[in-house]
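Raw contents of data11.pdb, PDB, C-alpha atoms, pLDDT in the B column:
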ATOM      1  CA  MET A   6       0.000   0.000   0.000  1.00 41.00           C
ATOM      2  CA  THR A   7       1.438   3.391  -0.939  1.00 42.00           C
ATOM      3  CA  LYS A   8       1.573   6.416   1.309  1.00 45.00           C
ATOM      4  CA  ASN A   9      -1.207   8.163  -0.614  1.00 49.00           C
ATOM      5  CA  LYS A  10      -3.378   5.055  -0.532  1.00 52.00           C
ATOM      6  CA  LEU A  11      -2.938   4.744   3.244  1.00 53.00           C
ATOM      7  CA  GLN A  12      -3.876   8.386   3.774  1.00 61.00           C
ATOM      8  CA  SER A  13      -7.093   7.882   1.752  1.00 82.00           C
ATOM      9  CA  VAL A  14      -8.460   5.127   3.996  1.00 93.00           C
ATOM     10  CA  GLU A  15     -10.922   6.580   6.499  1.00 96.00           C
ATOM     11  CA  TYR A  16      -9.995   4.339   9.393  1.00 97.00           C
ATOM     12  CA  PHE A  17     -11.513   6.587  12.068  1.00 98.00           C
ATOM     13  CA  GLN A  18     -14.485   8.187  10.328  1.00 97.00           C
ATOM     14  CA  ILE A  19     -16.995   6.380  12.593  1.00 98.00           C
ATOM     15  CA  LEU A  20     -15.679   8.414  15.533  1.00 98.00           C
ATOM     16  CA  ARG A  21     -17.527  11.444  14.161  1.00 98.00           C
ATOM     17  CA  THR A  22     -20.794   9.637  14.867  1.00 98.00           C
ATOM     18  CA  VAL A  23     -19.592   8.600  18.322  1.00 98.00           C
ATOM     19  CA  VAL A  24     -18.557  12.152  19.247  1.00 98.00           C
ATOM     20  CA  LYS A  25     -21.873  13.544  17.980  1.00 98.00           C
ATOM     21  CA  GLU A  26     -23.760  11.087  20.191  1.00 98.00           C
ATOM     22  CA  MET A  27     -21.478  11.899  23.134  1.00 98.00           C
ATOM     23  CA  LYS A  28     -22.354  15.578  22.762  1.00 97.00           C
ATOM     24  CA  GLN A  29     -26.061  14.773  22.727  1.00 97.00           C
ATOM     25  CA  ALA A  30     -25.566  12.736  25.922  1.00 97.00           C
ATOM     26  CA  GLU A  31     -23.514  15.499  27.619  1.00 97.00           C
ATOM     27  CA  ALA A  32     -20.526  13.141  27.817  1.00 98.00           C
ATOM     28  CA  MET A  33     -16.969  14.459  27.586  1.00 98.00           C
ATOM     29  CA  VAL A  34     -15.159  11.104  27.778  1.00 98.00           C
ATOM     30  CA  TYR A  35     -15.942   7.621  26.531  1.00 98.00           C
ATOM     31  CA  PRO A  36     -13.499   4.758  27.231  1.00 97.00           C
ATOM     32  CA  CYS A  37     -13.475   1.400  25.493  1.00 96.00           C
ATOM     33  CA  PHE A  38     -11.137  -1.576  25.321  1.00 96.00           C
ATOM     34  CA  VAL A  39      -8.867  -2.216  22.336  1.00 97.00           C
ATOM     35  CA  THR A  40      -6.109  -4.756  21.789  1.00 96.00           C
ATOM     36  CA  TYR A  41      -2.964  -4.495  19.711  1.00 96.00           C
ATOM     37  CA  LYS A  42      -0.210  -7.127  19.526  1.00 93.00           C
ATOM     38  CA  ASN A  43      -1.786  -9.032  22.436  1.00 93.00           C
ATOM     39  CA  GLN A  44      -1.617  -5.952  24.674  1.00 94.00           C
ATOM     40  CA  ARG A  45      -4.920  -4.618  25.996  1.00 95.00           C
ATOM     41  CA  TYR A  46      -5.410  -0.876  26.150  1.00 96.00           C
ATOM     42  CA  ILE A  47      -8.154   1.418  27.303  1.00 96.00           C
ATOM     43  CA  MET A  48      -8.801   3.958  24.571  1.00 97.00           C
ATOM     44  CA  ILE A  49     -10.601   7.066  25.804  1.00 97.00           C
ATOM     45  CA  ILE A  50     -12.394   9.280  23.310  1.00 98.00           C
ATOM     46  CA  ILE A  51     -12.233  12.845  24.662  1.00 98.00           C
ATOM     47  CA  ARG A  52     -14.350  15.580  23.127  1.00 98.00           C
ATOM     48  CA  PHE A  53     -12.758  18.939  22.475  1.00 97.00           C
ATOM     49  CA  ASP A  54     -13.773  21.722  24.845  1.00 93.00           C
ATOM     50  CA  LYS A  55     -15.992  24.278  23.130  1.00 86.00           C
ATOM     51  CA  ASP A  56     -13.222  26.916  23.155  1.00 85.00           C
ATOM     52  CA  GLU A  57     -10.337  24.531  22.548  1.00 90.00           C
ATOM     53  CA  LYS A  58      -8.223  25.146  19.457  1.00 90.00           C
ATOM     54  CA  HIS A  59      -7.618  22.142  17.222  1.00 92.00           C
ATOM     55  CA  GLY A  60      -7.110  21.201  13.601  1.00 90.00           C
ATOM     56  CA  GLN A  61     -10.028  21.859  11.258  1.00 92.00           C
ATOM     57  CA  TYR A  62     -10.549  18.183  10.440  1.00 95.00           C
ATOM     58  CA  GLU A  63      -9.640  16.677  13.798  1.00 97.00           C
ATOM     59  CA  ILE A  64     -12.434  14.762  15.514  1.00 98.00           C
ATOM     60  CA  ALA A  65     -11.348  14.405  19.139  1.00 98.00           C
ATOM     61  CA  HIS A  66      -8.511  13.532  21.451  1.00 98.00           C
ATOM     62  CA  LEU A  67      -7.698   9.859  21.923  1.00 98.00           C
ATOM     63  CA  MET A  68      -5.953   8.776  25.102  1.00 97.00           C
ATOM     64  CA  PHE A  69      -4.488   5.286  25.311  1.00 97.00           C
ATOM     65  CA  ILE A  70      -3.466   3.647  28.576  1.00 96.00           C
ATOM     66  CA  LYS A  71      -2.052   0.180  29.052  1.00 91.00           C
ATOM     67  CA  GLY A  72      -4.039  -2.371  31.012  1.00 76.00           C
ATOM     68  CA  GLY A  73      -5.951  -0.964  33.962  1.00 70.00           C
ATOM     69  CA  THR A  74      -3.477   1.701  35.038  1.00 77.00           C
ATOM     70  CA  MET A  75      -3.292   5.391  34.137  1.00 81.00           C
ATOM     71  CA  THR A  76       0.401   5.178  33.249  1.00 81.00           C
ATOM     72  CA  PRO A  77       1.955   5.005  30.796  1.00 82.00           C
ATOM     73  CA  GLN A  78      -0.466   6.903  28.611  1.00 92.00           C
ATOM     74  CA  LEU A  79      -0.468   8.389  25.138  1.00 96.00           C
ATOM     75  CA  LEU A  80      -2.534  11.433  24.161  1.00 97.00           C
ATOM     76  CA  VAL A  81      -3.073  12.237  20.495  1.00 97.00           C
ATOM     77  CA  THR A  82      -5.732  13.758  18.270  1.00 98.00           C
ATOM     78  CA  VAL A  83      -7.439  11.942  15.428  1.00 98.00           C
ATOM     79  CA  ASP A  84      -9.021  12.784  12.093  1.00 97.00           C
ATOM     80  CA  ASN A  85     -10.724  10.449   9.624  1.00 97.00           C
ATOM     81  CA  TYR A  86      -7.429   9.006   8.449  1.00 96.00           C
ATOM     82  CA  ARG A  87      -4.749   9.011  11.108  1.00 95.00           C
ATOM     83  CA  LEU A  88      -3.525   9.786  14.601  1.00 96.00           C
ATOM     84  CA  HIS A  89      -1.836  13.154  15.119  1.00 96.00           C
ATOM     85  CA  GLY A  90       1.040  13.325  17.559  1.00 95.00           C
ATOM     86  CA  SER A  91       4.714  12.543  17.873  1.00 95.00           C
ATOM     87  CA  THR A  92       5.503   9.739  15.431  1.00 92.00           C
ATOM     88  CA  LYS A  93       8.195   8.481  17.767  1.00 93.00           C
ATOM     89  CA  ASP A  94       5.884   8.506  20.801  1.00 96.00           C
ATOM     90  CA  ILE A  95       3.133   6.632  18.944  1.00 96.00           C
ATOM     91  CA  ARG A  96       5.580   4.082  17.542  1.00 94.00           C
ATOM     92  CA  GLU A  97       7.279   3.421  20.878  1.00 94.00           C
ATOM     93  CA  PHE A  98       4.019   3.293  22.849  1.00 95.00           C
ATOM     94  CA  PHE A  99       2.572   0.584  20.606  1.00 95.00           C
ATOM     95  CA  GLY A 100       5.874  -1.232  20.077  1.00 93.00           C
ATOM     96  CA  ILE A 101       6.044  -0.562  16.333  1.00 92.00           C
ATOM     97  CA  LYS A 102       9.467  -1.242  14.851  1.00 89.00           C
ATOM     98  CA  PHE A 103      11.021   1.674  12.993  1.00 87.00           C
ATOM     99  CA  ASP A 104      11.466   1.060   9.265  1.00 85.00           C
ATOM    100  CA  LYS A 105      12.891   3.999   7.323  1.00 81.00           C
ATOM    101  CA  ASN A 106      12.050   2.296   4.031  1.00 80.00           C
ATOM    102  CA  ASN A 107       8.334   2.149   4.791  1.00 80.00           C
ATOM    103  CA  LEU A 108       7.562   5.381   6.622  1.00 68.00           C
ATOM    104  CA  GLY A 109       4.300   5.824   4.738  1.00 71.00           C
ATOM    105  CA  THR A 110       2.874   2.536   5.971  1.00 82.00           C
ATOM    106  CA  LEU A 111       4.534   2.442   9.397  1.00 83.00           C
ATOM    107  CA  PHE A 112       1.209   2.618  11.224  1.00 93.00           C
ATOM    108  CA  GLU A 113      -0.915   0.731   8.702  1.00 92.00           C
ATOM    109  CA  THR A 114      -1.331  -2.376  10.849  1.00 92.00           C
ATOM    110  CA  LEU A 115      -2.153  -0.283  13.933  1.00 95.00           C
ATOM    111  CA  TYR A 116      -4.792   1.758  12.116  1.00 96.00           C
ATOM    112  CA  GLN A 117      -6.356  -1.325  10.559  1.00 96.00           C
ATOM    113  CA  SER A 118      -6.503  -3.056  13.928  1.00 96.00           C
ATOM    114  CA  LEU A 119      -8.024  -0.074  15.723  1.00 97.00           C
ATOM    115  CA  SER A 120     -10.562   0.522  12.944  1.00 97.00           C
ATOM    116  CA  HIS A 121     -12.103  -2.910  13.555  1.00 97.00           C
ATOM    117  CA  GLN A 122     -12.430  -2.266  17.292  1.00 98.00           C
ATOM    118  CA  LEU A 123     -13.878   1.243  17.349  1.00 98.00           C
ATOM    119  CA  PRO A 124     -17.292   1.669  18.963  1.00 97.00           C
ATOM    120  CA  GLN A 125     -20.076   2.165  16.443  1.00 96.00           C
ATOM    121  CA  GLY A 126     -21.876   4.617  18.688  1.00 97.00           C
ATOM    122  CA  TYR A 127     -22.089   5.923  22.238  1.00 98.00           C
ATOM    123  CA  ASN A 128     -23.359   3.213  24.597  1.00 96.00           C
ATOM    124  CA  VAL A 129     -24.118   4.453  28.095  1.00 95.00           C
ATOM    125  CA  ASN A 130     -24.302   0.854  29.344  1.00 95.00           C
ATOM    126  CA  ALA A 131     -20.521   0.600  28.913  1.00 96.00           C
ATOM    127  CA  PHE A 132     -20.124   2.582  32.139  1.00 97.00           C
ATOM    128  CA  GLN A 133     -21.547  -0.329  34.114  1.00 96.00           C
ATOM    129  CA  ILE A 134     -18.115  -1.936  33.757  1.00 96.00           C
ATOM    130  CA  PRO A 135     -16.277  -0.826  36.935  1.00 95.00           C
ATOM    131  CA  LEU A 136     -12.941  -0.156  35.195  1.00 94.00           C
ATOM    132  CA  ILE A 137     -14.644   1.925  32.485  1.00 95.00           C
ATOM    133  CA  LYS A 138     -16.481   3.982  35.108  1.00 96.00           C
ATOM    134  CA  LYS A 139     -13.341   4.468  37.219  1.00 95.00           C
ATOM    135  CA  THR A 140     -11.288   5.486  34.177  1.00 95.00           C
ATOM    136  CA  SER A 141     -13.992   7.898  33.051  1.00 96.00           C
ATOM    137  CA  LEU A 142     -14.045   9.669  36.405  1.00 97.00           C
ATOM    138  CA  THR A 143     -10.254   9.876  36.505  1.00 95.00           C
ATOM    139  CA  VAL A 144     -10.001  11.389  33.019  1.00 96.00           C
ATOM    140  CA  LEU A 145     -12.954  13.704  33.653  1.00 96.00           C
ATOM    141  CA  ASN A 146     -11.130  15.011  36.698  1.00 95.00           C
ATOM    142  CA  GLN A 147      -7.905  15.470  34.736  1.00 94.00           C
ATOM    143  CA  ARG A 148      -9.664  17.440  32.011  1.00 93.00           C
ATOM    144  CA  SER A 149     -12.111  19.440  34.149  1.00 93.00           C
ATOM    145  CA  PRO A 150     -11.754  23.189  34.662  1.00 89.00           C
ATOM    146  CA  ASN A 151      -9.629  24.031  37.694  1.00 88.00           C
ATOM    147  CA  ASN A 152     -12.646  25.007  39.780  1.00 86.00           C
ATOM    148  CA  GLU A 153     -14.117  21.521  39.311  1.00 88.00           C
ATOM    149  CA  LYS A 154     -11.014  19.374  39.901  1.00 93.00           C
ATOM    150  CA  ASP A 155     -10.694  16.951  42.836  1.00 95.00           C
ATOM    151  CA  LYS A 156     -14.256  17.575  43.986  1.00 96.00           C
ATOM    152  CA  TRP A 157     -16.283  14.389  44.421  1.00 96.00           C
ATOM    153  CA  TYR A 158     -18.870  15.083  47.118  1.00 97.00           C
ATOM    154  CA  GLY A 159     -22.212  16.396  45.896  1.00 97.00           C
ATOM    155  CA  HIS A 160     -23.997  18.750  48.266  1.00 95.00           C
ATOM    156  CA  HIS A 161     -26.767  20.709  46.571  1.00 95.00           C
ATOM    157  CA  ILE A 162     -28.188  21.696  43.204  1.00 95.00           C
ATOM    158  CA  MET A 163     -27.590  25.279  42.164  1.00 93.00           C
ATOM    159  CA  ARG A 164     -29.779  27.250  39.787  1.00 92.00           C
ATOM    160  CA  LEU A 165     -27.312  28.971  37.481  1.00 91.00           C
ATOM    161  CA  PRO A 166     -27.796  32.727  37.134  1.00 87.00           C
ATOM    162  CA  VAL A 167     -27.447  34.846  34.014  1.00 87.00           C
ATOM    163  CA  ASP A 168     -24.063  36.352  33.279  1.00 86.00           C
ATOM    164  CA  GLY A 169     -23.152  40.029  33.259  1.00 85.00           C
ATOM    165  CA  HIS A 170     -24.570  40.398  29.744  1.00 85.00           C
ATOM    166  CA  GLY A 171     -27.935  38.920  30.641  1.00 85.00           C
ATOM    167  CA  ASN A 172     -27.242  35.553  28.987  1.00 89.00           C
ATOM    168  CA  GLN A 173     -28.338  32.370  30.714  1.00 90.00           C
ATOM    169  CA  ARG A 174     -25.478  30.230  32.025  1.00 91.00           C
ATOM    170  CA  TYR A 175     -25.530  26.457  31.559  1.00 94.00           C
ATOM    171  CA  ARG A 176     -23.706  23.715  33.445  1.00 95.00           C
ATOM    172  CA  SER A 177     -20.619  22.179  31.929  1.00 95.00           C
ATOM    173  CA  ASP A 178     -20.717  18.750  30.322  1.00 96.00           C
ATOM    174  CA  TYR A 179     -18.003  17.787  32.817  1.00 96.00           C
ATOM    175  CA  ASN A 180     -20.523  18.397  35.604  1.00 96.00           C
ATOM    176  CA  SER A 181     -23.211  16.557  33.665  1.00 97.00           C
ATOM    177  CA  GLN A 182     -21.182  13.423  33.081  1.00 98.00           C
ATOM    178  CA  LYS A 183     -19.751  13.323  36.597  1.00 97.00           C
ATOM    179  CA  THR A 184     -23.283  13.576  37.968  1.00 98.00           C
ATOM    180  CA  LYS A 185     -24.486  10.874  35.574  1.00 98.00           C
ATOM    181  CA  LEU A 186     -21.797   8.552  36.948  1.00 98.00           C
ATOM    182  CA  LEU A 187     -21.967   9.447  40.650  1.00 98.00           C
ATOM    183  CA  TYR A 188     -25.607  10.526  41.107  1.00 98.00           C
ATOM    184  CA  PRO A 189     -27.526   8.861  38.253  1.00 97.00           C
ATOM    185  CA  THR A 190     -30.995   9.432  39.731  1.00 97.00           C
ATOM    186  CA  ILE A 191     -30.370  13.180  39.934  1.00 97.00           C
ATOM    187  CA  TYR A 192     -29.181  13.212  36.345  1.00 97.00           C
ATOM    188  CA  ASP A 193     -32.095  11.171  35.030  1.00 96.00           C
ATOM    189  CA  THR A 194     -34.710  12.984  37.128  1.00 95.00           C
ATOM    190  CA  LEU A 195     -33.591  16.597  36.753  1.00 95.00           C
ATOM    191  CA  PHE A 196     -30.590  17.148  34.521  1.00 96.00           C
ATOM    192  CA  LYS A 197     -32.102  15.617  31.394  1.00 93.00           C
ATOM    193  CA  LYS A 198     -34.847  18.254  31.521  1.00 93.00           C
ATOM    194  CA  ASP A 199     -32.917  21.340  32.601  1.00 94.00           C
ATOM    195  CA  LYS A 200     -29.392  22.506  31.678  1.00 95.00           C
ATOM    196  CA  THR A 201     -29.646  25.605  33.871  1.00 95.00           C
ATOM    197  CA  ILE A 202     -29.044  23.615  37.063  1.00 95.00           C
ATOM    198  CA  SER A 203     -25.758  22.184  38.279  1.00 95.00           C
ATOM    199  CA  LEU A 204     -24.729  19.889  41.121  1.00 96.00           C
ATOM    200  CA  CYS A 205     -22.201  21.542  43.418  1.00 95.00           C
ATOM    201  CA  TYR A 206     -19.310  19.306  44.414  1.00 96.00           C
ATOM    202  CA  TYR A 207     -16.809  19.767  47.238  1.00 96.00           C
ATOM    203  CA  ASP A 208     -13.477  18.233  48.178  1.00 96.00           C
ATOM    204  CA  ASN A 209     -14.588  17.858  51.809  1.00 96.00           C
ATOM    205  CA  GLN A 210     -16.242  14.500  52.480  1.00 96.00           C
ATOM    206  CA  ASN A 211     -18.287  16.048  55.284  1.00 97.00           C
ATOM    207  CA  MET A 212     -20.177  18.026  52.643  1.00 96.00           C
ATOM    208  CA  LYS A 213     -21.443  14.868  50.946  1.00 97.00           C
ATOM    209  CA  ARG A 214     -25.225  14.438  50.778  1.00 96.00           C
ATOM    210  CA  SER A 215     -27.224  11.473  49.540  1.00 97.00           C
ATOM    211  CA  GLU A 216     -29.251  11.650  46.352  1.00 96.00           C
ATOM    212  CA  ASN A 217     -32.479  11.749  48.362  1.00 96.00           C
ATOM    213  CA  GLU A 218     -31.197  14.611  50.506  1.00 95.00           C
ATOM    214  CA  ILE A 219     -30.130  16.579  47.442  1.00 95.00           C
ATOM    215  CA  LEU A 220     -33.407  15.938  45.634  1.00 95.00           C
ATOM    216  CA  ASN A 221     -35.491  16.868  48.692  1.00 93.00           C
ATOM    217  CA  ASN A 222     -33.515  20.060  49.165  1.00 91.00           C
ATOM    218  CA  PHE A 223     -34.078  20.976  45.538  1.00 92.00           C
ATOM    219  CA  ALA A 224     -37.803  20.256  45.797  1.00 90.00           C
ATOM    220  CA  VAL A 225     -38.033  22.766  48.657  1.00 89.00           C
ATOM    221  CA  ASN A 226     -35.630  25.442  47.409  1.00 83.00           C
ATOM    222  CA  LYS A 227     -35.855  24.967  43.628  1.00 74.00           C
ATOM    223  CA  GLY A 228     -32.114  25.397  43.431  1.00 68.00           C
ATOM    224  CA  VAL A 229     -30.063  27.741  45.561  1.00 64.00           C
ATOM    225  CA  VAL A 230     -27.558  30.179  44.112  1.00 55.00           C
ATOM    226  CA  GLN A 231     -25.410  30.857  47.152  1.00 55.00           C
ATOM    227  CA  HIS A 232     -22.929  28.288  48.492  1.00 52.00           C
ATOM    228  CA  PRO A 233     -23.281  27.102  52.103  1.00 48.00           C
TER     229      PRO A 233
END
Starting from the file, lay out its structure as structure tokens.
Amino acid sequence: MTKNKLQSVEYFQILRTVVKEMKQAEAMVYPCFVTYKNQRYIMIIIRFDKDEKHGQYEIAHLMFIKGGTMTPQLLVTVDNYRLHGSTKDIREFFGIKFDKNNLGTLFETLYQSLSHQLPQGYNVNAFQIPLIKKTSLTVLNQRSPNNEKDKWYGHHIMRLPVDGHGNQRYRSDYNSQKTKLLYPTIYDTLFKKDKTISLCYYDNQNMKRSENEILNNFAVNKGVVQHP
């Protein structure tokens, strides 16, 4: 296969559908299992932030981690045809032997293998697998805005105010997905219907409230703006 032929194969085009469905589901990350050369990896599809700069044709970030650990890991971007990142890093991470005579097809076997293992859509049931859920929460925390990092204990639902220009504020998809994973009843009962509310998380375990407590508080207060 020539270099031009390799570049014309849309190995990763299906990821556009996956990312579109992730956006509809307010999901920022979506891990799945892939195998290459008898080594199992978790591949995490990570949506671009709304203000994040990236290549015009790039679909998403892909993070690969070996086995069930978070290290070592490889972070690249992907378009329809190929992975974008350090050629050396990609080659060494996946154990691909360097061949200066076949640079154009160096990653052909990798791309072909991954293309047959890509998810065909976003499946929320995948998060029932404990390792997938744990990995999702870890990567969500890594990628979250600084004011949302390392906060795991839900306390109350806040009604988001308008900004200084009179525009309604909406919760982040990081908050949505974390709530879907940690407080699924709150997400299914309230968040699906209303993007102007957000669950406030704290890094102090003493602030943790049960789903029933949070829901009952919301039923009485309809969402508080001030923090306790």
* Asked: Restricting the calculation to only C-alpha atoms, which member of A:Lys185, A:Arg176, A:His59, A:Lys102 is positioned closest to Ala32 (chain A)?
  ->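 For Ala32 (chain A), the nearest of the given residues is A:Lys185.
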* Decode the PyMOL selection byres ((chain A and resi 163-172) around 12) for the given file into explicit residues and return them as number ranges by chain. => A: 159-162, 173-177, 180, 195-196, 199-206, 219-220, 222-224, 226-233
* To do: May I ask which of the residues A:Ser13, A:Lys213, A:Met68, A:Gly90 is the closest one to Tyr188 (chain A), counting all atoms listed in the file?
  =>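 So, comparing all the options, the nearest one is A:Lys213.
CA of Phe112 (chain A) is positioned 9.3 Å from CA of Thr92 (chain A).
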* Long-range neighbours of region 37-50 of chain A as an MDAnalysis selection string, 9 Å cut-off, all atoms listed in the file, 5 positions minimum in chain -> chainID A and resid 20 23:24 65:73 99:100 115 118:119 122:124 131 137 140:141 144
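The closest residue to Met33 (chain A), picked from A:Gln182, A:Asn217, A:Asn211, A:Gln78 and counting only C-alpha atoms, is A:Gln182.
The environment of Arg87 (chain A) within 10 Å, counting all atoms listed in the file and disregarding residues fewer than 2 places along the same chain, consists of Leu11, Gln12, Ser13, Val14, Glu15, Tyr16, Phe17, Gln18, Glu63, Thr82, Val83, Asp84, Asn85, His89, Gly90, Phe112, Glu113 and Tyr116 of chain A.
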* Asked: What is the distance between CA of Tyr207 (chain A) and CA of Leu145 (chain A), in Å to one decimal?
  ->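 Calculated distance between CA of Tyr207 (chain A) and CA of Leu145 (chain A) is 15.4 Å.
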* Between CA of Arg214 (chain A) and CA of Lys138 (chain A) - distance in Å to one decimal ->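 About the pair CA of Lys138 (chain A) and CA of Arg214 (chain A): they are 20.8 Å apart.
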Since the input has fewer atoms than a full residue there, write region 26-42 of chain A out with N, CA and C atoms, as an mmCIF file, in the frame of the given file.
data_model
loop_
_atom_site.group_PDB
_atom_site.id
_atom_site.type_symbol
_atom_site.label_atom_id
_atom_site.label_comp_id
_atom_site.auth_asym_id
_atom_site.auth_seq_id
_atom_site.Cartn_x
_atom_site.Cartn_y
_atom_site.Cartn_z
ATOM 1 N N GLU A 26 -22.868 11.689 19.202
ATOM 2 C CA GLU A 26 -23.760 11.087 20.191
ATOM 3 C C GLU A 26 -23.297 11.397 21.610
ATOM 4 N N MET A 27 -21.987 11.489 21.821
ATOM 5 C CA MET A 27 -21.478 11.899 23.134
ATOM 6 C C MET A 27 -21.964 13.298 23.485
ATOM 7 N N LYS A 28 -21.907 14.200 22.519
ATOM 8 C CA LYS A 28 -22.354 15.578 22.762
ATOM 9 C C LYS A 28 -23.828 15.605 23.127
ATOM 10 N N GLN A 29 -24.627 14.829 22.433
ATOM 11 C CA GLN A 29 -26.061 14.773 22.727
ATOM 12 C C GLN A 29 -26.304 14.232 24.126
ATOM 13 N N ALA A 30 -25.426 13.350 24.596
ATOM 14 C CA ALA A 30 -25.566 12.736 25.922
ATOM 15 C C ALA A 30 -24.833 13.516 27.005
ATOM 16 N N GLU A 31 -24.269 14.674 26.676
ATOM 17 C CA GLU A 31 -23.514 15.499 27.619
ATOM 18 C C GLU A 31 -22.328 14.727 28.204
ATOM 19 N N ALA A 32 -21.679 13.924 27.377
ATOM 20 C CA ALA A 32 -20.526 13.141 27.817
ATOM 21 C C ALA A 32 -19.257 13.725 27.218
ATOM 22 N N MET A 33 -18.251 13.941 28.060
ATOM 23 C CA MET A 33 -16.969 14.459 27.586
ATOM 24 C C MET A 33 -15.977 13.335 27.297
ATOM 25 N N VAL A 34 -16.098 12.209 27.979
ATOM 26 C CA VAL A 34 -15.159 11.104 27.778
ATOM 27 C C VAL A 34 -15.927 9.799 27.584
ATOM 28 N N TYR A 35 -15.313 8.911 26.804
ATOM 29 C CA TYR A 35 -15.942 7.621 26.531
ATOM 30 C C TYR A 35 -14.847 6.573 26.331
ATOM 31 N N PRO A 36 -14.535 5.789 27.355
ATOM 32 C CA PRO A 36 -13.499 4.758 27.231
ATOM 33 C C PRO A 36 -14.053 3.466 26.626
ATOM 34 N N CYS A 37 -13.163 2.745 25.967
ATOM 35 C CA CYS A 37 -13.475 1.400 25.493
ATOM 36 C C CYS A 37 -12.183 0.594 25.482
ATOM 37 N N PHE A 38 -12.306 -0.704 25.351
ATOM 38 C CA PHE A 38 -11.137 -1.576 25.321
ATOM 39 C C PHE A 38 -10.723 -1.846 23.882
ATOM 40 N N VAL A 39 -9.418 -1.800 23.621
ATOM 41 C CA VAL A 39 -8.867 -2.216 22.336
ATOM 42 C C VAL A 39 -7.629 -3.062 22.619
ATOM 43 N N THR A 40 -7.276 -3.889 21.659
ATOM 44 C CA THR A 40 -6.109 -4.756 21.789
ATOM 45 C C THR A 40 -5.224 -4.602 20.558
ATOM 46 N N TYR A 41 -3.915 -4.552 20.818
ATOM 47 C CA TYR A 41 -2.964 -4.495 19.711
ATOM 48 C C TYR A 41 -1.730 -5.302 20.106
ATOM 49 N N LYS A 42 -1.348 -6.249 19.254
ATOM 50 C CA LYS A 42 -0.210 -7.127 19.526
ATOM 51 C C LYS A 42 -0.322 -7.781 20.907
#
